[in-house]
$ cat protein.cif   # mmCIF, C-alpha atoms and all ligand atoms
data_upload
#
loop_
_atom_site.group_PDB
_atom_site.id
_atom_site.type_symbol
_atom_site.label_atom_id
_atom_site.label_comp_id
_atom_site.auth_asym_id
_atom_site.auth_seq_id
_atom_site.Cartn_x
_atom_site.Cartn_y
_atom_site.Cartn_z
ATOM 1 C CA MET A 1 0.000 0.000 0.000
ATOM 2 C CA ASN A 2 1.702 2.964 -1.174
ATOM 3 C CA ARG A 3 1.512 5.577 -3.714
ATOM 4 C CA SER A 4 -0.271 8.820 -3.027
ATOM 5 C CA GLY A 5 -0.739 11.955 -4.997
ATOM 6 C CA ALA A 6 0.284 10.633 -8.390
ATOM 7 C CA LEU A 7 -3.226 10.561 -9.750
ATOM 8 C CA ASN A 8 -6.117 12.918 -9.306
ATOM 9 C CA THR A 9 -8.082 11.493 -6.389
ATOM 10 C CA GLY A 10 -10.268 14.480 -5.721
ATOM 11 C CA GLN A 11 -13.211 13.185 -7.730
ATOM 12 C CA PRO A 12 -15.260 10.570 -5.923
ATOM 13 C CA ASP A 13 -17.077 9.642 -9.133
ATOM 14 C CA ALA A 14 -13.952 9.486 -11.268
ATOM 15 C CA PRO A 15 -14.084 6.641 -13.785
ATOM 16 C CA PRO A 16 -12.071 3.500 -13.086
ATOM 17 C CA VAL A 17 -8.489 3.420 -14.329
ATOM 18 C CA GLN A 18 -7.744 1.207 -17.341
ATOM 19 C CA ARG A 19 -4.434 -0.602 -17.045
ATOM 20 C CA LEU A 20 -1.821 -2.180 -19.259
ATOM 21 C CA CYS A 21 -0.193 -5.387 -18.041
ATOM 22 C CA PRO A 22 1.904 -4.361 -15.015
ATOM 23 C CA VAL A 23 4.614 -6.864 -15.967
ATOM 24 C CA CYS A 24 5.026 -6.549 -19.763
ATOM 25 C CA ASN A 25 2.918 -3.468 -20.681
ATOM 26 C CA SER A 26 0.837 -5.458 -23.167
ATOM 27 C CA ASN A 27 -2.732 -4.341 -23.769
ATOM 28 C CA GLN A 28 -3.800 -7.829 -24.852
ATOM 29 C CA PHE A 29 -5.865 -9.550 -22.186
ATOM 30 C CA GLN A 30 -8.761 -11.882 -21.615
ATOM 31 C CA ALA A 31 -11.255 -12.042 -18.770
ATOM 32 C CA TYR A 32 -9.935 -14.279 -15.978
ATOM 33 C CA ALA A 33 -12.361 -14.008 -13.064
ATOM 34 C CA GLN A 34 -14.870 -11.681 -11.479
ATOM 35 C CA LYS A 35 -15.835 -11.129 -7.850
ATOM 36 C CA LYS A 36 -18.611 -8.572 -7.524
ATOM 37 C CA ASP A 37 -17.193 -5.386 -9.081
ATOM 38 C CA LEU A 38 -13.618 -6.675 -9.141
ATOM 39 C CA LYS A 39 -12.612 -7.823 -12.625
ATOM 40 C CA LEU A 40 -9.426 -9.819 -13.089
ATOM 41 C CA VAL A 41 -7.825 -10.260 -16.493
ATOM 42 C CA HIS A 42 -5.116 -12.528 -17.842
ATOM 43 C CA CYS A 43 -2.344 -11.043 -19.979
ATOM 44 C CA GLY A 44 -2.156 -12.730 -23.348
ATOM 45 C CA ALA A 45 1.565 -12.005 -23.631
ATOM 46 C CA CYS A 46 3.004 -12.980 -20.222
ATOM 47 C CA SER A 47 0.153 -14.695 -18.302
ATOM 48 C CA MET A 48 0.087 -12.070 -15.551
ATOM 49 C CA VAL A 49 -3.273 -11.825 -13.766
ATOM 50 C CA TYR A 50 -4.288 -8.337 -12.687
ATOM 51 C CA ALA A 51 -7.301 -6.214 -11.838
ATOM 52 C CA ASN A 52 -8.553 -4.161 -14.758
ATOM 53 C CA PRO A 53 -10.024 -1.607 -14.524
ATOM 54 C CA VAL A 54 -9.426 -0.438 -10.949
ATOM 55 C CA GLN A 55 -10.983 2.260 -8.810
ATOM 56 C CA ILE A 56 -8.864 5.372 -8.749
ATOM 57 C CA SER A 57 -8.528 5.484 -4.959
ATOM 58 C CA TYR A 58 -6.791 2.084 -5.029
ATOM 59 C CA ALA A 59 -4.655 2.945 -8.046
ATOM 60 C CA SER A 60 -3.496 6.178 -6.429
ATOM 61 C CA GLY A 61 -3.046 4.787 -2.916
ATOM 62 C CA ASP A 62 -5.398 7.449 -1.551
ATOM 63 C CA TYR A 63 -7.589 4.712 -0.067
ATOM 64 C CA TYR A 64 -4.884 3.855 2.477
ATOM 65 C CA ASN A 65 -4.684 7.402 3.681
ATOM 66 C CA THR A 66 -8.437 7.756 4.113
ATOM 67 C CA SER A 67 -11.116 5.084 4.480
ATOM 68 C CA GLY A 68 -8.652 2.184 4.570
ATOM 69 C CA ALA A 69 -6.414 3.575 7.306
ATOM 70 C CA GLY A 70 -8.576 2.351 10.185
ATOM 71 C CA TYR A 71 -7.976 -1.320 9.431
ATOM 72 C CA TYR A 72 -4.225 -1.052 9.852
ATOM 73 C CA LEU A 73 -4.640 0.702 13.181
ATOM 74 C CA SER A 74 -7.395 -1.480 14.644
ATOM 75 C CA PRO A 75 -6.367 -3.028 17.985
ATOM 76 C CA ALA A 76 -6.572 -6.592 16.609
ATOM 77 C CA LYS A 77 -4.441 -5.779 13.549
ATOM 78 C CA LEU A 78 -1.837 -3.913 15.606
ATOM 79 C CA GLU A 79 -1.697 -6.700 18.173
ATOM 80 C CA SER A 80 -1.107 -9.214 15.389
ATOM 81 C CA ASP A 81 1.455 -7.095 13.528
ATOM 82 C CA TYR A 82 3.452 -6.295 16.663
ATOM 83 C CA ALA A 83 3.482 -9.896 17.924
ATOM 84 C CA PRO A 84 7.018 -11.354 17.885
ATOM 85 C CA VAL A 85 5.933 -14.208 15.572
ATOM 86 C CA ARG A 86 4.400 -11.938 12.945
ATOM 87 C CA PHE A 87 7.551 -11.261 10.916
ATOM 88 C CA GLU A 88 9.659 -14.250 11.937
ATOM 89 C CA ARG A 89 9.855 -15.674 8.408
ATOM 90 C CA GLU A 90 10.622 -12.304 6.869
ATOM 91 C CA LEU A 91 13.290 -11.593 9.502
ATOM 92 C CA LYS A 92 14.957 -14.939 8.913
ATOM 93 C CA ILE A 93 15.135 -14.363 5.164
ATOM 94 C CA PHE A 94 16.224 -10.772 5.657
ATOM 95 C CA ARG A 95 19.029 -11.665 8.077
ATOM 96 C CA GLY A 96 20.234 -14.328 5.692
ATOM 97 C CA HIS A 97 21.046 -11.654 3.118
ATOM 98 C CA CYS A 98 21.593 -8.414 5.011
ATOM 99 C CA ARG A 99 23.483 -8.535 8.301
ATOM 100 C CA SER A 100 23.753 -4.783 8.803
ATOM 101 C CA GLY A 101 23.307 -1.396 7.165
ATOM 102 C CA THR A 102 20.645 1.078 6.136
ATOM 103 C CA VAL A 103 17.155 -0.303 5.545
ATOM 104 C CA LEU A 104 14.153 1.297 3.867
ATOM 105 C CA ASP A 105 10.781 -0.430 4.353
ATOM 106 C CA VAL A 106 8.369 0.727 1.645
ATOM 107 C CA GLY A 107 4.711 0.381 2.604
ATOM 108 C CA CYS A 108 5.787 -0.020 6.218
ATOM 109 C CA SER A 109 2.252 0.513 7.525
ATOM 110 C CA SER A 110 2.384 0.795 11.333
ATOM 111 C CA GLY A 111 6.127 0.050 11.352
ATOM 112 C CA ALA A 112 6.032 -3.433 12.863
ATOM 113 C CA PHE A 113 8.737 -5.033 10.698
ATOM 114 C CA LEU A 114 11.237 -2.279 11.370
ATOM 115 C CA TYR A 115 10.289 -2.283 15.045
ATOM 116 C CA GLN A 116 11.047 -6.007 15.280
ATOM 117 C CA LEU A 117 14.296 -5.569 13.358
ATOM 118 C CA LYS A 118 15.440 -2.886 15.762
ATOM 119 C CA GLN A 119 14.260 -4.780 18.828
ATOM 120 C CA ARG A 120 16.228 -7.872 17.912
ATOM 121 C CA PHE A 121 19.267 -6.483 16.103
ATOM 122 C CA GLY A 122 19.206 -2.848 17.161
ATOM 123 C CA ASP A 123 22.795 -1.835 16.598
ATOM 124 C CA CYS A 124 23.094 -3.532 13.219
ATOM 125 C CA TYR A 125 20.645 -1.386 11.291
ATOM 126 C CA GLU A 126 19.625 2.170 10.613
ATOM 127 C CA VAL A 127 15.989 2.034 9.500
ATOM 128 C CA ILE A 128 13.428 4.260 7.767
ATOM 129 C CA GLY A 129 9.818 3.464 6.886
ATOM 130 C CA THR A 130 7.550 5.085 4.327
ATOM 131 C CA ASP A 131 3.908 4.577 3.432
ATOM 132 C CA ALA A 132 0.964 6.256 1.735
ATOM 133 C CA SER A 133 -0.981 6.123 4.980
ATOM 134 C CA GLY A 134 -0.290 9.110 7.216
ATOM 135 C CA PRO A 135 -2.149 7.648 10.240
ATOM 136 C CA ALA A 136 -0.114 4.427 9.994
ATOM 137 C CA LEU A 137 3.112 6.461 9.926
ATOM 138 C CA ASP A 138 1.938 8.393 12.987
ATOM 139 C CA TYR A 139 1.648 5.087 14.800
ATOM 140 C CA ALA A 140 5.039 3.872 13.553
ATOM 141 C CA GLU A 141 6.627 7.053 14.893
ATOM 142 C CA SER A 142 4.933 6.540 18.238
ATOM 143 C CA ARG A 143 6.781 3.203 18.438
ATOM 144 C CA GLY A 144 10.106 4.831 17.722
ATOM 145 C CA VAL A 145 10.348 4.021 14.013
ATOM 146 C CA LYS A 146 11.790 6.809 11.862
ATOM 147 C CA VAL A 147 9.517 7.605 8.906
ATOM 148 C CA VAL A 148 9.518 9.648 5.715
ATOM 149 C CA ARG A 149 6.190 10.924 4.415
ATOM 150 C CA GLY A 150 4.954 11.532 0.898
ATOM 151 C CA ASP A 151 4.833 9.710 -2.409
ATOM 152 C CA PHE A 152 7.566 7.064 -2.426
ATOM 153 C CA LEU A 153 8.109 7.532 -6.151
ATOM 154 C CA GLU A 154 8.857 11.222 -5.613
ATOM 155 C CA GLN A 155 11.086 10.680 -2.590
ATOM 156 C CA LYS A 156 14.845 11.179 -2.895
ATOM 157 C CA PHE A 157 15.550 10.539 0.824
ATOM 158 C CA ALA A 158 17.961 13.486 0.833
ATOM 159 C CA GLY A 159 20.346 11.611 -1.414
ATOM 160 C CA GLN A 160 20.709 8.687 0.976
ATOM 161 C CA THR A 161 21.244 5.221 -0.471
ATOM 162 C CA PHE A 162 20.357 1.954 1.227
ATOM 163 C CA ASP A 163 21.780 -1.497 1.795
ATOM 164 C CA ALA A 164 18.283 -2.972 1.668
ATOM 165 C CA VAL A 165 14.811 -1.987 0.481
ATOM 166 C CA THR A 166 11.874 -4.139 1.562
ATOM 167 C CA PHE A 167 8.393 -4.538 0.084
ATOM 168 C CA TRP A 168 6.472 -6.821 2.451
ATOM 169 C CA ALA A 169 3.015 -7.404 0.948
ATOM 170 C CA VAL A 170 3.110 -4.161 -1.008
ATOM 171 C CA LEU A 171 3.524 -4.763 -4.757
ATOM 172 C CA GLU A 172 0.137 -6.473 -5.010
ATOM 173 C CA HIS A 173 -1.426 -3.174 -3.911
ATOM 174 C CA VAL A 174 0.150 -0.781 -6.413
ATOM 175 C CA ALA A 175 -0.887 -0.022 -9.977
ATOM 176 C CA GLU A 176 2.694 0.274 -11.251
ATOM 177 C CA PRO A 177 4.873 -2.286 -9.474
ATOM 178 C CA LYS A 178 7.580 -1.975 -12.120
ATOM 179 C CA VAL A 179 8.061 1.709 -11.331
ATOM 180 C CA PHE A 180 8.328 0.901 -7.630
ATOM 181 C CA LEU A 181 11.101 -1.604 -8.287
ATOM 182 C CA GLU A 182 12.887 0.843 -10.578
ATOM 183 C CA HIS A 183 12.810 3.484 -7.874
ATOM 184 C CA ALA A 184 13.979 0.977 -5.273
ATOM 185 C CA ALA A 185 16.916 0.075 -7.515
ATOM 186 C CA SER A 186 17.827 3.752 -7.825
ATOM 187 C CA LEU A 187 17.933 4.040 -4.015
ATOM 188 C CA LEU A 188 20.055 0.949 -3.402
ATOM 189 C CA LYS A 189 23.815 0.852 -3.092
ATOM 190 C CA PRO A 190 25.624 -1.370 -5.617
ATOM 191 C CA GLY A 191 25.113 -4.934 -4.430
ATOM 192 C CA GLY A 192 22.239 -3.822 -2.189
ATOM 193 C CA ARG A 193 19.338 -6.160 -1.611
ATOM 194 C CA CYS A 194 15.667 -5.769 -2.387
ATOM 195 C CA PHE A 195 13.150 -8.044 -0.656
ATOM 196 C CA VAL A 196 9.717 -8.621 -2.191
ATOM 197 C CA LEU A 197 6.897 -10.651 -0.670
ATOM 198 C CA VAL A 198 3.516 -10.973 -2.417
ATOM 199 C CA PRO A 199 0.572 -13.397 -2.290
ATOM 200 C CA ASN A 200 1.013 -16.470 -4.488
ATOM 201 C CA LEU A 201 -1.660 -16.955 -7.150
ATOM 202 C CA HIS A 202 -0.596 -20.588 -7.389
ATOM 203 C CA SER A 203 -0.898 -21.259 -3.644
ATOM 204 C CA LEU A 204 -2.891 -24.180 -2.338
ATOM 205 C CA ALA A 205 -5.313 -21.707 -0.772
ATOM 206 C CA SER A 206 -5.817 -19.871 -4.045
ATOM 207 C CA ARG A 207 -6.281 -23.124 -5.983
ATOM 208 C CA ILE A 208 -8.848 -24.438 -3.509
ATOM 209 C CA LEU A 209 -10.756 -21.229 -2.980
ATOM 210 C CA GLY A 210 -10.529 -19.364 -6.298
ATOM 211 C CA THR A 211 -12.399 -16.092 -5.947
ATOM 212 C CA ARG A 212 -13.744 -17.164 -2.552
ATOM 213 C CA TYR A 213 -10.270 -16.418 -1.184
ATOM 214 C CA ARG A 214 -10.353 -13.296 0.993
ATOM 215 C CA TYR A 215 -7.253 -11.961 -0.707
ATOM 216 C CA VAL A 216 -9.086 -11.672 -3.996
ATOM 217 C CA TYR A 217 -10.415 -8.218 -3.199
ATOM 218 C CA PRO A 218 -10.286 -4.676 -4.550
ATOM 219 C CA GLN A 219 -7.158 -3.641 -2.659
ATOM 220 C CA HIS A 220 -5.137 -6.268 -4.499
ATOM 221 C CA LEU A 221 -4.453 -5.043 -8.007
ATOM 222 C CA ASN A 222 -1.825 -7.634 -8.983
ATOM 223 C CA TYR A 223 -1.947 -11.455 -8.643
ATOM 224 C CA PHE A 224 1.593 -12.743 -9.090
ATOM 225 C CA THR A 225 2.982 -16.191 -9.633
ATOM 226 C CA ARG A 226 6.632 -16.942 -9.072
ATOM 227 C CA SER A 227 7.083 -16.747 -12.834
ATOM 228 C CA THR A 228 5.443 -13.356 -13.371
ATOM 229 C CA LEU A 229 7.078 -11.808 -10.293
ATOM 230 C CA SER A 230 10.485 -13.094 -11.385
ATOM 231 C CA ARG A 231 9.988 -11.648 -14.846
ATOM 232 C CA LEU A 232 9.066 -8.274 -13.374
ATOM 233 C CA ALA A 233 11.979 -8.213 -10.938
ATOM 234 C CA SER A 234 14.646 -9.478 -13.306
ATOM 235 C CA GLU A 235 14.453 -6.287 -15.373
ATOM 236 C CA GLN A 236 16.147 -4.423 -12.527
ATOM 237 C CA PHE A 237 17.753 -7.057 -10.377
ATOM 238 C CA SER A 238 19.520 -10.395 -10.135
ATOM 239 C CA ILE A 239 17.427 -12.942 -8.274
ATOM 240 C CA ARG A 240 19.382 -14.321 -5.296
ATOM 241 C CA GLN A 241 16.649 -16.424 -3.739
ATOM 242 C CA ALA A 242 13.055 -17.342 -4.549
ATOM 243 C CA CYS A 243 10.866 -19.177 -2.075
ATOM 244 C CA SER A 244 7.273 -19.806 -1.129
ATOM 245 C CA THR A 245 6.389 -19.147 2.511
ATOM 246 C CA HIS A 246 3.495 -18.930 4.985
ATOM 247 C CA PHE A 247 0.452 -21.141 5.281
ATOM 248 C CA ASN A 248 -2.766 -20.331 7.078
ATOM 249 C CA PRO A 249 -5.225 -23.250 7.089
ATOM 250 C CA MET A 250 -7.624 -21.178 9.201
ATOM 251 C CA VAL A 251 -8.091 -18.797 6.296
ATOM 252 C CA ILE A 252 -8.821 -21.691 3.942
ATOM 253 C CA TRP A 253 -11.358 -23.140 6.343
ATOM 254 C CA SER A 254 -12.992 -19.808 7.055
ATOM 255 C CA ASP A 255 -13.210 -18.737 3.404
ATOM 256 C CA TRP A 256 -14.429 -22.163 2.308
ATOM 257 C CA ARG A 257 -17.279 -21.919 4.777
ATOM 258 C CA GLY A 258 -17.866 -18.283 3.871
ATOM 259 C CA GLY A 259 -18.469 -19.157 0.238
ATOM 260 C CA GLY A 260 -16.953 -15.913 -1.051
ATOM 261 C CA ARG A 261 -18.997 -13.467 0.985
ATOM 262 C CA GLU A 262 -17.313 -10.164 1.745
ATOM 263 C CA ILE A 263 -14.968 -10.309 4.737
ATOM 264 C CA THR A 264 -15.174 -7.203 6.889
ATOM 265 C CA ASP A 265 -12.034 -5.494 8.135
ATOM 266 C CA ASN A 266 -12.930 -6.531 11.680
ATOM 267 C CA GLU A 267 -13.215 -10.184 10.670
ATOM 268 C CA ARG A 268 -9.944 -9.958 8.760
ATOM 269 C CA ALA A 269 -8.125 -8.489 11.749
ATOM 270 C CA ASP A 270 -9.746 -10.901 14.219
ATOM 271 C CA LEU A 271 -8.628 -13.941 12.260
ATOM 272 C CA LEU A 272 -5.079 -12.600 12.101
ATOM 273 C CA LYS A 273 -5.187 -12.044 15.844
ATOM 274 C CA ARG A 274 -6.427 -15.593 16.494
ATOM 275 C CA THR A 275 -3.827 -17.069 14.144
ATOM 276 C CA THR A 276 -1.107 -15.140 15.947
ATOM 277 C CA ALA A 277 -2.394 -16.368 19.321
ATOM 278 C CA TYR A 278 -2.265 -19.964 18.126
ATOM 279 C CA LYS A 279 1.268 -19.502 16.836
ATOM 280 C CA GLN A 280 2.345 -18.252 20.259
ATOM 281 C CA SER A 281 0.464 -20.830 22.312
ATOM 282 C CA ARG A 282 2.658 -23.348 24.152
ATOM 283 C CA LEU A 283 -0.283 -25.726 24.477
ATOM 284 C CA LEU A 284 -0.405 -26.154 20.726
ATOM 285 C CA LYS A 285 3.253 -27.089 20.331
ATOM 286 C CA PRO A 286 2.596 -30.594 18.863
ATOM 287 C CA ILE A 287 0.153 -29.173 16.352
ATOM 288 C CA LYS A 288 2.594 -26.434 15.453
ATOM 289 C CA ALA A 289 5.193 -29.004 14.447
ATOM 290 C CA LEU A 290 2.663 -30.519 12.062
ATOM 291 C CA TYR A 291 1.727 -27.081 10.826
ATOM 292 C CA ARG A 292 5.368 -26.147 10.253
ATOM 293 C CA SER A 293 5.951 -29.382 8.315
ATOM 294 C CA SER A 294 2.918 -28.619 6.148
ATOM 295 C CA GLU A 295 4.230 -25.138 5.430
ATOM 296 C CA LEU A 296 7.656 -26.463 4.474
ATOM 297 C CA LEU A 297 6.148 -29.102 2.205
ATOM 298 C CA LEU A 298 3.888 -26.578 0.507
ATOM 299 C CA GLY A 299 6.811 -24.188 0.209
ATOM 300 C CA SER A 300 8.944 -26.828 -1.472
ATOM 301 C CA LEU A 301 6.140 -27.390 -3.978
ATOM 302 C CA GLY A 302 5.618 -23.655 -4.568
ATOM 303 C CA LEU A 303 2.144 -23.895 -3.032
ATOM 304 C CA ALA A 304 2.540 -21.813 0.142
ATOM 305 C CA ASP A 305 0.559 -18.595 0.573
ATOM 306 C CA ASN A 306 3.259 -16.135 -0.461
ATOM 307 C CA ILE A 307 6.182 -15.778 -2.835
ATOM 308 C CA THR A 308 9.345 -14.102 -1.603
ATOM 309 C CA LEU A 309 12.167 -12.928 -3.833
ATOM 310 C CA VAL A 310 15.523 -11.703 -2.622
ATOM 311 C CA LEU A 311 17.060 -9.486 -5.270
ATOM 312 C CA SER A 312 20.416 -7.839 -5.678
ATOM 313 C CA LYS A 313 21.372 -4.750 -7.587
ATOM 314 C CA GLY A 314 24.193 -4.851 -10.090
ATOM 315 C CA GLU A 315 27.359 -6.859 -9.988
ATOM 316 C CA GLY A 316 28.946 -5.046 -7.058
ATOM 317 C CA ARG A 317 29.284 -6.335 -3.550
ATOM 318 C CA ILE A 318 27.584 -9.696 -4.004
ATOM 319 C CA SER A 319 28.504 -12.456 -1.657
ATOM 320 C CA ALA A 320 27.030 -15.849 -1.048
ATOM 321 C CA PRO A 321 24.026 -15.700 1.273
ATOM 322 C CA THR A 322 25.035 -16.208 4.871
ATOM 323 C CA PRO A 323 23.125 -18.797 6.892
ATOM 324 C CA ALA A 324 19.892 -17.497 8.343
ATOM 325 C CA ASP A 325 19.528 -17.167 12.097
HETATM 326 ZN ZN ZN A 401 1.904 -9.200 -19.575
#

$ encode --input "protein.cif" --output "structure tokens" --more "lines below"
Ligand SMILES: [Zn+2]
Amino acid sequence: MNRSGALNTGQPDAPPVQRLCPVCNSNQFQAYAQKKDLKLVHCGACSMVYANPVQISYASGDYYNTSGAGYYLSPAKLESDYAPVRFERELKIFRGHCRSGTVLDVGCSSGAFLYQLKQRFGDCYEVIGTDASGPALDYAESRGVKVVRGDFLEQKFAGQTFDAVTFWAVLEHVAEPKVFLEHAASLLKPGGRCFVLVPNLHSLASRILGTRYRYVYPQHLNYFTRSTLSRLASEQFSIRQACSTHFNPMVIWSDWRGGGREITDNERADLLKRTTAYKQSRLLKPIKALYRSSELLLGSLGLADNITLVLSKGEGRISAPTPAD
């Protein structure tokens, strides 16, 4: 969730935005799926699935600064995001490729990833977060996370360059993911790392649920597979690692029973909170081992909920990935 100010958002009745393929810029597409007003299309040139057209408030990012801001600051969502287990997979991957330096988290929301990074490895990193949502940045600042406000694509960060730029669950929200990666590359030092996590269109959950899946919704403009995300990223970066992570059987069960009905923000946040509680429960330790094995198996098959790419810029300071913590 990101960009603000790039498009005219002052007209509530503005027509939806027509898009080219966000991966290859082709205008050749066929209908792929529909869920109420959300129309997904399939690119005839590269197979990318994306929303087309999209409401202007989502395309501009204005939604996250206005009506959408409350979700990210609801007590259940904050409790889940700030739980120590919330970013454990991301932190492990991140530490495996970036042991120290300057870190920019784009679409940082309430700042939870950077907060965890600083809590655990405080002296190793200098961190900055940015987001389209002003209220979320206010909260991040209240937790001690340094933030920069304004449109990411316009930001020069006072000439600063970074050892790492992270996009945790961000590129599925933006109308022009390619431009975001280009800007990230321009902000990275030679050999710097870019981390991208997005939902996996080929996940088990997505295959079982189709459009009943709660993550098929208007805020998600792009529906990547490992193939389409790799194609997008490889224009700017070398791919150091690609993996499939995360698995939430509670979402599958809940959405299967829900039959595709709209999930409210409260329900969304409550399920995240319950999932987080289960992950932290000592009583459920035997079940967690089974759950972890399932996630690893799905990940090895490319069927876990998300795709994560670790990217490097240029041919500079590239070293073999160090073992994760
Ligand atoms: Zn395409």

$ closest_residue --input "protein.cif" --among "A:Leu229, A:Gly299, A:Gln28, A:Lys92" --to "ligand ZN 401 (chain A)" --atoms "only C-alpha atoms and all ligand atoms"
A:Gln28

$ resolve_selection --input "protein.cif" --expression "the PyMOL selection byres (((chain A and resi 75-84) around 10) and not hetatm)" --output "VMD selection string"
chain A and resid 70 to 74 85 to 88 109 to 113 115 to 116 119 to 120 139 265 to 277 279 to 280

$ axis_aligned_box --input "protein.cif" --around "stretch 152-166 of chain A" --padding-each-side "5 Å" --output "JSON"
{"center_x": 14.7, "center_y": 4.7, "center_z": -2.2, "size_x": 24.2, "size_y": 27.6, "size_z": 17.9}

$ resolve_selection --input "protein.cif" --expression "the PyMOL selection byres (((not hetatm)) within 8 of (chain A and resi 401))" --output "list of chain:residue names"
A:Leu20, A:Cys21, A:Pro22, A:Val23, A:Cys24, A:Asn25, A:Ser26, A:Asn27, A:Gln28, A:His42, A:Cys43, A:Gly44, A:Ala45, A:Cys46, A:Ser47, A:Met48

$ write_last_selection --input "protein.cif" --atoms "C-alpha atoms" --output "short mmCIF file (atom, residue, chain, number, x, y, z; two decimals), in the coordinates of the input"
data_model
loop_
_atom_site.label_atom_id
_atom_site.label_comp_id
_atom_site.auth_asym_id
_atom_site.auth_seq_id
_atom_site.Cartn_x
_atom_site.Cartn_y
_atom_site.Cartn_z
CA LEU A 20 -1.82 -2.18 -19.26
CA CYS A 21 -0.19 -5.39 -18.04
CA PRO A 22 1.90 -4.36 -15.02
CA VAL A 23 4.61 -6.86 -15.97
CA CYS A 24 5.03 -6.55 -19.76
CA ASN A 25 2.92 -3.47 -20.68
CA SER A 26 0.84 -5.46 -23.17
CA ASN A 27 -2.73 -4.34 -23.77
CA GLN A 28 -3.80 -7.83 -24.85
CA HIS A 42 -5.12 -12.53 -17.84
CA CYS A 43 -2.34 -11.04 -19.98
CA GLY A 44 -2.16 -12.73 -23.35
CA ALA A 45 1.56 -12.00 -23.63
CA CYS A 46 3.00 -12.98 -20.22
CA SER A 47 0.15 -14.70 -18.30
CA MET A 48 0.09 -12.07 -15.55
#

$ atom_distance --input "protein.cif" --atom1 "atom CA of A:Thr308" --atom2 "atom CA of A:Pro249"
19.3 Å

$ resolve_selection --input "protein.cif" --expression "the PyMOL selection byres (((chain A and resi 220-228) around 9) and not hetatm)" --output "JSON, numbers by chain"
{"A": [22, 23, 40, 46, 47, 48, 49, 50, 51, 52, 54, 58, 59, 171, 172, 173, 174, 175, 177, 198, 199, 200, 201, 202, 203, 215, 216, 217, 218, 219, 229, 230, 231, 232, 233, 242, 243, 244, 302, 307, 308, 309]}

$ atom_distance --input "protein.cif" --atom1 "atom CA of A:Thr130" --atom2 "atom CA of A:Arg240"
24.7 Å

$ closest_residue --input "protein.cif" --among "A:Thr211, A:Phe195, A:Gly134, A:Gln30" --to "A:Glu262" --atoms "all atoms listed in the file"
A:Thr211

$ closest_residue --input "protein.cif" --among "A:Leu290, A:Leu284, A:Met250, A:Leu114" --to "A:Arg143" --atoms "only C-alpha atoms"
A:Leu114

$ residues_around --input "protein.cif" --residues "A:Phe247" --least-positions-apart "2" --cutoff "7 Å" --atoms "all atoms listed in the file" --output "VMD selection string"
chain A and resid 245 249 295 304 to 305

$ closest_atom_pairs --input "protein.cif" --of "stretch 56-126 of chain A" --to "stretch 182-185 of chain A" --cutoff "12 Å" --atoms "all atoms listed in the file" --output "CSV"
residue,atom,partner,partner_atom,distance
A:Val103,CA,A:Ala184,CA,11.3
A:Leu104,CA,A:Ala184,CA,9.1
A:Asp105,CA,A:Ala184,CA,10.2
A:Val106,CA,A:Ala184,CA,8.9

$ write_last_selection --input "protein.cif" --atoms "C-alpha atoms" --output "tab-separated table (two decimals), in the coordinates of the input"
chain	number	residue	atom	x	y	z
A	103	VAL	CA	17.16	-0.30	5.54
A	104	LEU	CA	14.15	1.30	3.87
A	105	ASP	CA	10.78	-0.43	4.35
A	106	VAL	CA	8.37	0.73	1.64

$ residues_around --input "protein.cif" --residues "A:Gln160" --least-positions-apart "4" --cutoff "9 Å" --atoms "all atoms listed in the file" --output "PDB file with C-alpha atoms, in the coordinates of the input"
ATOM      1  CA  LYS A 156      14.845  11.179  -2.895  1.00  0.00           C
ATOM      2  CA  LEU A 187      17.933   4.040  -4.015  1.00  0.00           C
ATOM      3  CA  LEU A 188      20.055   0.949  -3.402  1.00  0.00           C
TER       4      LEU A 188
END

$ residues_around --input "protein.cif" --residues "A:Thr66" --least-positions-apart "2" --cutoff "10 Å" --atoms "only C-alpha atoms" --output "list in words"
Ser57, Gly61, Asp62, Tyr63, Tyr64, Gly68, Ala69, Gly70, Ala132, Ser133, Gly134 and Pro135 of chain A

$ closest_residue --input "protein.cif" --among "A:Thr264, A:Ser293, A:Ser206, A:Ser186" --to "A:Ile252" --atoms "all atoms listed in the file"
A:Ser206
